[in-house]
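As stored in structure.txt (compact mmCIF, C-alpha atoms):
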# COMPACT_ATOMS: atom_id res chain seq x y z
CA MET G 1 -38.40 9.31 -10.69
CA ARG G 2 -38.19 8.06 -14.28
CA SER G 3 -34.45 8.17 -14.46
CA LEU G 4 -34.10 6.77 -10.97
CA SER G 5 -36.08 3.66 -11.59
CA ALA G 6 -33.82 2.89 -14.51
CA SER G 7 -30.70 3.08 -12.41
CA GLY G 8 -31.69 0.88 -9.47
CA PRO G 9 -29.69 -2.25 -8.86
CA ALA G 10 -32.58 -4.57 -9.53
CA SER G 11 -33.76 -2.94 -12.75
CA ARG G 12 -30.25 -3.26 -14.16
CA THR G 13 -30.70 -6.98 -14.41
CA THR G 14 -34.14 -7.08 -16.01
CA THR G 15 -32.89 -8.00 -19.44
CA GLN G 16 -30.72 -10.80 -18.20
CA THR G 17 -33.29 -13.52 -17.72
CA ASN G 18 -35.20 -13.65 -20.96
CA ALA G 19 -37.37 -16.70 -21.39
CA ASP G 20 -36.18 -17.15 -24.97
CA ARG G 21 -32.67 -18.20 -24.11
CA PRO G 22 -31.33 -21.20 -22.22
CA ARG G 23 -31.90 -21.23 -18.50
CA GLY G 24 -28.88 -20.25 -16.46
CA PRO G 25 -27.29 -22.23 -13.67
CA GLY G 26 -29.56 -23.39 -10.87
CA LEU G 27 -29.83 -21.75 -7.47
CA ALA G 28 -27.60 -24.44 -5.96
CA ILE G 29 -24.67 -23.16 -8.03
CA TYR G 30 -25.13 -19.62 -6.71
CA PHE G 31 -25.47 -21.00 -3.19
CA LEU G 32 -22.12 -22.75 -3.60
CA VAL G 33 -20.39 -19.65 -4.99
CA GLY G 34 -21.85 -17.70 -2.05
CA LEU G 35 -20.54 -20.37 0.30
CA ALA G 36 -17.05 -20.03 -1.16
CA PHE G 37 -17.32 -16.24 -0.83
CA GLY G 38 -18.40 -16.60 2.81
CA VAL G 39 -15.46 -18.88 3.58
CA ILE G 40 -13.01 -16.42 1.98
CA LEU G 41 -14.54 -13.51 3.93
CA VAL G 42 -14.06 -15.34 7.22
CA LYS G 43 -10.64 -16.90 6.53
CA GLY G 44 -9.41 -13.56 5.16
CA GLU G 45 -10.75 -11.89 8.35
CA VAL G 46 -12.62 -9.38 6.20
CA ILE G 47 -15.60 -9.80 8.53
CA SER G 48 -13.58 -8.85 11.60
CA TRP G 49 -14.55 -5.62 13.33
CA PHE G 50 -10.93 -5.46 14.51
CA ARG G 51 -9.59 -5.60 10.94
CA ILE G 52 -12.01 -2.89 9.80
CA GLN G 53 -10.87 -0.66 12.65
CA GLU G 54 -7.23 -1.32 11.74
CA MET G 55 -8.07 -0.34 8.16
CA PHE G 56 -9.95 2.90 8.91
CA ARG G 57 -7.14 3.92 11.30
CA PHE G 58 -4.52 3.13 8.63
CA GLN G 59 -2.61 1.09 11.19
CA GLY G 60 -2.17 -2.13 9.28
CA PHE G 61 -1.75 -3.39 5.74
CA HIS G 62 -3.99 -6.47 5.77
CA MET G 63 -7.23 -4.96 4.40
CA PHE G 64 -5.39 -2.73 1.95
CA GLY G 65 -3.47 -5.76 0.75
CA ILE G 66 -6.78 -7.49 0.15
CA PHE G 67 -8.13 -4.57 -1.88
CA MET G 68 -4.85 -4.14 -3.73
CA THR G 69 -4.90 -7.75 -4.88
CA ALA G 70 -8.68 -8.26 -5.27
CA LEU G 71 -9.10 -5.20 -7.48
CA PRO G 72 -6.41 -5.93 -10.09
CA VAL G 73 -7.66 -9.52 -10.35
CA ALA G 74 -11.26 -8.32 -10.73
CA ILE G 75 -10.37 -5.50 -13.14
CA LEU G 76 -8.17 -7.65 -15.39
CA SER G 77 -10.56 -10.60 -15.48
CA VAL G 78 -13.71 -8.52 -16.01
CA GLN G 79 -12.06 -6.39 -18.70
CA PHE G 80 -10.79 -9.57 -20.36
CA LEU G 81 -14.29 -11.05 -20.39
CA LYS G 82 -15.78 -7.84 -21.77
CA ARG G 83 -13.16 -7.13 -24.40
CA THR G 84 -12.74 -10.61 -25.78
CA GLY G 85 -16.47 -10.97 -26.35
CA ALA G 86 -16.57 -13.89 -23.93
CA ARG G 87 -19.87 -15.66 -23.43
CA THR G 88 -21.67 -16.91 -20.38
CA THR G 89 -22.44 -20.56 -19.71
CA THR G 90 -25.74 -19.96 -21.50
CA GLY G 91 -24.07 -18.51 -24.59
CA ALA G 92 -24.95 -14.84 -24.02
CA ARG G 93 -22.44 -12.04 -24.47
CA ILE G 94 -21.00 -10.82 -21.18
CA THR G 95 -22.13 -7.25 -20.55
CA LEU G 96 -22.18 -4.89 -17.59
CA PRO G 97 -24.77 -2.12 -17.64
CA PRO G 98 -23.21 1.32 -16.97
CA LYS G 99 -24.17 3.01 -13.71
CA LYS G 100 -25.81 6.35 -14.32
CA LEU G 101 -23.42 8.94 -12.92
CA GLY G 102 -25.79 11.92 -12.79
CA SER G 103 -24.62 14.53 -10.31
CA GLY G 104 -22.80 11.84 -8.37
CA VAL G 105 -24.48 12.94 -5.14
CA ARG G 106 -26.05 9.58 -4.46
CA TYR G 107 -22.68 7.85 -4.65
CA LEU G 108 -20.82 10.26 -2.40
CA ALA G 109 -23.64 10.85 0.08
CA GLY G 110 -25.03 7.34 0.08
CA GLY G 111 -21.51 5.97 0.13
CA SER G 112 -20.62 8.08 3.16
CA VAL G 113 -23.74 7.00 5.03
CA PHE G 114 -22.84 3.40 4.33
CA GLY G 115 -19.24 4.06 5.40
CA LEU G 116 -20.45 5.31 8.79
CA GLY G 117 -22.37 2.09 9.27
CA TRP G 118 -19.50 -0.02 8.00
CA ALA G 119 -17.16 1.34 10.68
CA LEU G 120 -19.76 0.99 13.46
CA THR G 121 -20.87 -2.57 12.74
CA GLY G 122 -17.48 -3.53 11.33
CA ALA G 123 -19.34 -5.19 8.50
CA CYS G 124 -20.61 -4.41 5.05
CA PRO G 125 -23.55 -6.45 3.74
CA GLY G 126 -21.60 -9.58 2.73
CA PRO G 127 -19.84 -9.84 6.09
CA LEU G 128 -23.15 -9.27 7.92
CA PHE G 129 -24.38 -12.56 6.46
CA ALA G 130 -21.05 -14.31 7.09
CA LEU G 131 -20.91 -13.10 10.71
CA LEU G 132 -24.40 -14.40 11.32
CA GLY G 133 -23.34 -17.79 10.00
CA SER G 134 -20.15 -17.78 12.03
CA GLY G 135 -22.21 -17.59 15.20
CA VAL G 136 -22.43 -13.90 16.16
CA GLY G 137 -26.18 -14.15 16.74
CA VAL G 138 -26.82 -10.52 17.57
CA ILE G 139 -25.80 -9.61 14.01
CA ALA G 140 -29.30 -10.76 13.08
CA VAL G 141 -30.46 -7.50 14.66
CA ALA G 142 -28.03 -5.53 12.48
CA ILE G 143 -29.39 -7.32 9.41
CA VAL G 144 -32.98 -6.48 10.37
CA SER G 145 -31.83 -2.88 10.92
CA ALA G 146 -30.18 -2.87 7.50
CA LEU G 147 -33.45 -4.06 5.98
CA ALA G 148 -35.24 -1.24 7.80
CA GLY G 149 -32.63 1.20 6.48
CA THR G 150 -33.14 0.01 2.92
CA TRP G 151 -36.90 0.24 3.34
CA LEU G 152 -36.53 3.75 4.77
CA TYR G 153 -34.51 4.70 1.70
CA GLY G 154 -37.29 3.38 -0.55
CA TRP G 155 -39.75 5.52 1.33
CA MET G 156 -37.60 8.68 1.27
CA ARG G 157 -36.24 8.17 -2.23
CA PRO G 158 -38.46 10.72 -4.00
CA ARG G 159 -37.18 13.38 -1.59
CA LEU G 160 -33.46 12.51 -1.74
CA PRO G 161 -30.95 13.98 -4.19
CA HIS G 162 -29.47 11.55 -6.70
CA MET S 1 -6.94 -30.66 9.68
CA PRO S 2 -4.21 -29.07 7.55
CA ASP S 3 -2.86 -25.83 8.97
CA TRP S 4 -3.93 -23.76 5.97
CA LEU S 5 -7.57 -24.60 6.65
CA ARG S 6 -7.38 -23.60 10.30
CA ASP S 7 -5.07 -20.60 10.08
CA PRO S 8 -6.33 -17.26 8.78
CA TRP S 9 -5.50 -16.65 5.13
CA PRO S 10 -3.02 -13.87 4.33
CA TRP S 11 -4.15 -10.94 2.20
CA TYR S 12 -2.35 -12.25 -0.88
CA VAL S 13 -4.50 -15.38 -0.77
CA ALA S 14 -7.87 -13.93 0.28
CA GLY S 15 -7.61 -10.85 -1.97
CA PRO S 16 -7.14 -12.57 -5.35
CA LEU S 17 -9.80 -15.16 -4.46
CA LEU S 18 -12.28 -12.37 -3.66
CA GLY S 19 -11.40 -10.74 -6.98
CA LEU S 20 -12.48 -13.87 -8.84
CA ILE S 21 -16.08 -13.88 -7.58
CA ALA S 22 -17.24 -11.04 -9.87
CA PRO S 23 -15.91 -12.59 -13.13
CA LEU S 24 -17.21 -16.01 -12.06
CA LEU S 25 -20.76 -14.67 -11.64
CA LEU S 26 -20.55 -12.82 -14.95
CA TRP S 27 -19.40 -15.98 -16.67
CA LEU S 28 -22.13 -18.07 -15.06
CA ASP S 29 -25.02 -15.96 -16.33
CA ASN S 30 -24.16 -12.25 -16.54
CA LYS S 31 -24.87 -11.83 -12.84
CA LEU S 32 -23.57 -8.70 -11.17
CA PHE S 33 -21.73 -9.42 -7.94
CA GLY S 34 -23.33 -7.20 -5.28
CA ILE S 35 -24.69 -8.17 -1.89
CA SER S 36 -26.69 -5.12 -0.85
CA SER S 37 -29.27 -5.78 -3.60
CA ASN S 38 -30.47 -8.60 -1.39
CA LEU S 39 -31.64 -6.11 1.23
CA ARG S 40 -33.84 -4.58 -1.46
CA HIS S 41 -35.04 -7.98 -2.64
CA VAL S 42 -36.10 -8.94 0.89
CA CYS S 43 -37.95 -5.63 1.31
CA ALA S 44 -39.64 -6.20 -2.04
CA ALA S 45 -40.63 -9.68 -0.91
CA ILE S 46 -42.05 -8.87 2.51
CA LEU S 47 -43.11 -5.22 2.60
CA PRO S 48 -43.12 -3.52 -0.80
CA GLY S 49 -45.85 -1.04 0.16
CA ARG S 50 -46.69 1.30 -2.68
CA MET S 51 -43.11 2.20 -3.46
CA ASP S 52 -41.97 1.74 -7.05
CA TYR S 53 -38.55 0.96 -5.68
CA PHE S 54 -39.83 -2.27 -4.17
CA ARG S 55 -42.37 -3.23 -6.82
CA TYR S 56 -40.63 -5.59 -9.22
CA ASP S 57 -40.33 -9.32 -9.71
CA TRP S 58 -37.85 -9.98 -6.90
CA ARG S 59 -37.87 -13.74 -7.52
CA ARG S 60 -36.72 -13.32 -11.09
CA GLU S 61 -34.32 -10.46 -10.47
CA GLY S 62 -32.94 -11.56 -7.15
CA GLY S 63 -33.56 -15.27 -6.69
CA TRP S 64 -29.98 -16.14 -7.61
CA ASN S 65 -28.61 -13.45 -5.30
CA LEU S 66 -30.72 -14.54 -2.33
CA ALA S 67 -29.37 -18.07 -2.85
CA PHE S 68 -25.90 -16.52 -2.96
CA ALA S 69 -26.56 -14.71 0.35
CA LEU S 70 -27.76 -17.93 1.99
CA GLY S 71 -24.53 -19.47 0.74
CA ILE S 72 -22.58 -16.72 2.53
CA VAL S 73 -24.32 -17.61 5.80
CA ALA S 74 -23.41 -21.27 5.27
CA GLY S 75 -19.83 -20.33 4.36
CA GLY S 76 -19.65 -18.20 7.49
CA TYR S 77 -20.82 -21.17 9.53
CA LEU S 78 -18.29 -23.49 7.92
CA ALA S 79 -15.31 -21.17 8.23
CA GLY S 80 -16.31 -19.72 11.59
CA ASN S 81 -16.81 -23.08 13.29
CA LEU S 82 -15.30 -26.10 11.54
CA LEU S 83 -12.37 -24.12 10.10
CA ALA S 84 -12.18 -21.56 12.90
CA ASN S 85 -8.88 -19.95 13.74
CA PRO S 86 -8.27 -20.54 17.47
CA GLU S 87 -5.99 -17.50 17.74
CA PRO S 88 -7.11 -13.86 18.10
CA VAL S 89 -7.17 -11.80 14.90
CA GLY S 90 -3.61 -10.60 14.32
CA ILE S 91 -4.25 -6.87 14.23
CA SER S 92 -1.38 -4.44 14.68
CA THR S 93 -0.22 -3.70 18.21
CA LEU S 94 -1.09 -0.06 17.59
CA THR S 95 -4.72 -0.89 16.82
CA ARG S 96 -4.90 -3.21 19.79
CA ALA S 97 -3.60 -0.46 22.07
CA THR S 98 -6.01 2.10 20.59
CA LEU S 99 -9.00 -0.18 20.96
CA THR S 100 -7.96 -1.10 24.51
CA ARG S 101 -8.08 2.59 25.35
CA LEU S 102 -11.58 2.64 23.88
CA GLY S 103 -12.60 -0.05 26.35
CA VAL S 104 -12.27 -3.19 24.25
CA THR S 105 -11.09 -6.03 26.49
CA ASP S 106 -11.94 -9.19 24.57
CA PHE S 107 -9.80 -9.64 21.46
CA SER S 108 -10.36 -13.39 21.17
CA GLY S 109 -13.00 -13.54 18.42
CA LEU S 110 -13.65 -11.91 15.06
CA VAL S 111 -15.61 -9.13 16.79
CA PRO S 112 -15.34 -7.74 20.34
CA ALA S 113 -17.58 -10.20 22.17
CA ASP S 114 -18.64 -7.75 24.90
CA HIS S 115 -19.86 -5.22 22.36
CA PHE S 116 -21.59 -7.67 20.05
CA ALA S 117 -23.56 -9.43 22.76
CA TRP S 118 -27.35 -9.50 23.02
CA VAL S 119 -27.24 -7.83 26.42
CA ASN S 120 -25.37 -4.88 24.93
CA LEU S 121 -28.52 -4.01 22.96
CA LEU S 122 -29.79 -2.58 26.23
CA SER S 123 -27.09 0.09 26.22
CA LEU S 124 -26.85 3.20 24.08
CA GLN S 125 -23.48 2.00 22.83
CA GLY S 126 -24.84 -1.34 21.68
CA LEU S 127 -27.84 0.29 20.07
CA VAL S 128 -25.66 2.67 18.06
CA LEU S 129 -23.12 0.01 17.06
CA ILE S 130 -25.57 -2.70 16.08
CA VAL S 131 -28.96 -1.13 15.36
CA GLY S 132 -27.68 2.28 14.22
CA GLY S 133 -24.82 0.79 12.25
CA GLY S 134 -27.11 -1.68 10.52
CA LEU S 135 -29.60 1.06 9.66
CA LEU S 136 -26.86 3.20 8.11
CA VAL S 137 -25.54 0.24 6.14
CA GLY S 138 -28.99 -0.46 4.71
CA PHE S 139 -29.86 3.15 3.98
CA GLY S 140 -26.45 4.08 2.61
CA THR S 141 -26.03 1.09 0.31
CA ALA S 142 -29.52 1.59 -1.09
CA TRP S 143 -28.89 5.29 -1.70
CA ALA S 144 -25.49 4.63 -3.25
CA GLY S 145 -26.89 1.72 -5.24
CA GLY S 146 -24.24 -0.71 -4.04
CA CYS S 147 -21.81 -1.68 -1.33
CA THR S 148 -18.24 -2.88 -1.07
CA SER S 149 -18.99 -5.71 -3.49
CA GLY S 150 -21.30 -4.02 -6.01
CA HIS S 151 -19.36 -0.76 -6.22
CA GLY S 152 -16.05 -1.56 -4.56
CA ILE S 153 -15.37 -4.63 -6.65
CA THR S 154 -17.84 -5.02 -9.54
CA GLY S 155 -18.18 -1.33 -10.40
CA VAL S 156 -14.48 -0.64 -10.02
CA ALA S 157 -13.66 -3.76 -12.09
CA ASP S 158 -15.86 -2.27 -14.81
CA LEU S 159 -14.03 1.07 -14.35
CA GLN S 160 -17.28 2.93 -13.62
CA PRO S 161 -16.75 6.49 -12.37
CA ALA S 162 -19.82 6.20 -10.12
CA SER S 163 -18.20 3.35 -8.24
CA PHE S 164 -14.96 5.25 -7.67
CA LEU S 165 -17.06 8.08 -6.19
CA ALA S 166 -18.88 5.59 -3.99
CA LEU S 167 -15.56 4.19 -2.75
CA ILE S 168 -14.48 7.69 -1.73
CA GLY S 169 -17.76 7.99 0.16
CA PHE S 170 -17.27 4.63 1.88
CA PHE S 171 -13.91 5.69 3.25
CA ALA S 172 -15.01 9.23 4.14
CA GLY S 173 -17.90 7.83 6.18
CA GLY S 174 -15.80 5.07 7.73
CA ILE S 175 -13.05 7.44 8.79
CA ALA S 176 -15.59 9.89 10.21
CA ALA S 177 -17.25 7.16 12.26
CA THR S 178 -13.89 5.83 13.44
CA PHE S 179 -12.45 9.14 14.58
CA LEU S 180 -15.58 11.11 15.53
CA VAL S 181 -18.31 8.70 16.56
CA LEU S 182 -16.46 5.76 18.11
CA PRO S 183 -14.36 7.79 20.59
CA TRP S 184 -17.50 9.49 21.82
CA LEU S 185 -19.44 6.25 21.90
CA MET S 186 -16.87 3.92 23.41
CA GLY S 187 -14.78 6.04 25.71
CA SER S 188 -12.68 9.12 25.96
CA GLY S 189 -9.51 7.91 24.21
CA THR S 190 -8.82 8.29 20.52

As a first step, turn the structure in this file into structure tokens.
Amino acid sequence: MRSLSASGPASRTTTQTNADRPRGPGLAIYFLVGLAFGVILVKGEVISWFRIQEMFRFQGFHMFGIFMTALPVAILSVQFLKRTGARTTTGARITLPPKKLGSGVRYLAGGSVFGLGWALTGACPGPLFALLGSGVGVIAVAIVSALAGTWLYGWMRPRLPH
Amino acid sequence: MPDWLRDPWPWYVAGPLLGLIAPLLLWLDNKLFGISSNLRHVCAAILPGRMDYFRYDWRREGGWNLAFALGIVAGGYLAGNLLANPEPVGISTLTRATLTRLGVTDFSGLVPADHFAWVNLLSLQGLVLIVGGGLLVGFGTAWAGGCTSGHGITGVADLQPASFLALIGFFAGGIAATFLVLPWLMGSGT
């Protein structure tokens, strides 16, 4: 339990909002970045069940092209920010907390469970929200199910390997 | 409306743009790009129970991310309605043929409309696709500590071994569901 609570996604960010440094950007800014992300997900057809099927069947290049361009851009820009000692808009050093590797079981097993769901719904969490916005109303049920799944994990966590 | 706003964006436009979200959030305020954390934040907000996992200051940790998620919904609305592509998604003819064999008839939208309809929740197939799929997404991302964004992009961009493992898991699970579960669920073809 001790080590687990230190590796959760929320606890990673605890040190980032200290009261003794300038306040970061307002929620409206994050809303707008999210909006841009949502538009890209839809226009890039990343939220399409059809595209996800094409990807998992290795029958088309589109999704792989997206990963093969998104990842180099993300890797180069994030490494640049880290290695040049770049600062955030509030003047803090840019840092990414390392993810505890441990036995790796949680990443392989949890990742596989998520992968099953990704192929069934055709959507990972970002696209679930984008699909809802785009007008596929029944996706609200998938989001509620995803919340139930996350809650179930919280409940079973002490008994799961990590 | 200009064509580029209505037409779908090719991978070499959408991919690099997606890759810029993680550095942008880091630059804004050291925020880690990752959507599945929001599922945890919502659980922490509405039903934390006695679980340590859900007992933290979700407003402080996740307020920005919940605003980000609401932004995704708004972006989905904008792009899916005002900027909607009138044409079917241009998947490969092979995929179209495979999915036709699996009983997909409506290729007009972003998702197969017959399968992602409210009435389909009354069938086993709809329950597995929508309710079961959602449950697995929520459980799996929580267990793995991230999804396609948190591990697939942010973690990989930071060259974290854990995230490369998670990516392997994502594809292993996705391929298993595609070739083992979907044929059984949707029809007899493969």

Inset, instruction - Would you mind reading off the distance between atom CA of G:Leu71 and atom CA of S:Leu180, one decimal, in Å? - result: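 Result for atom CA of G:Leu71 versus atom CA of S:Leu180: 28.9 Å, one decimal.
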
Inset, instruction - For S:Trp11, work out the shell of residues within 12 Å, counting all atoms listed in the file and skipping chain neighbours fewer than 6 positions away, then give it as a PyMOL selection string. - result: (chain G and resi 40-46+51+60-70) or (chain S and resi 17-19)

Legend entry - Among listed residues S:Ser36, S:Phe54, S:Leu135, S:Gly90, nearest G:Ala142 (using all atoms listed in the file):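 Using all atoms listed in the file, G:Ala142 sits closest to S:Leu135.
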
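With only C-alpha atoms as the basis for measurement, G:Pro161 is the residue among G:Pro22, G:Pro161, G:Gly34, G:Pro125 that approaches G:Ala109 most closely.
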
Inset, instruction - Return the single residue from S:Asn81, S:Ser123, S:Asn38, S:Ser108 that is closest to S:Arg6, with distances computed using all atoms listed in the file. - result: S:Asn81

Inset, instruction - Determine the nearest neighbour of S:Arg96 from the options G:Gly154, G:Trp49, G:Val136, G:Pro98, counting only C-alpha atoms. - result: G:Trp49

Legend entry - Nearest to G:Arg57, chosen from S:Thr141, S:Ser163, S:Thr95, S:Gln125, with all atoms listed in the file counted in the distances: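 Of S:Thr141, S:Ser163, S:Thr95, S:Gln125, the one nearest G:Arg57, counting all atoms listed in the file, is S:Thr95.
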
Inset, instruction - Have a look at atom CA of S:Gly140 and atom CA of G:Gly111 and let me know their distance in Å, one decimal. - result: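 Computing it gives 5.8 Å between the two atoms.
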
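What separates atom CA of S:Gly103 from atom CA of S:Gly134 is a distance of 21.5 Å.
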
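When all atoms listed in the file are used to measure the gap to chain S, the shortest distance among G:Ala146, G:Leu76, G:Ala28, G:Ala86 belongs to G:Ala146.
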
Legend entry - Close residues, S:Gly150 itself excluded, 8 Å, only C-alpha atoms, min 5 positions apart in chain, as a list of chain:residue names: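 Counting only C-alpha atoms, the residues come to S:Leu32, S:Phe33, S:Gly34, S:Ile35, S:Ser36, S:Gly155.
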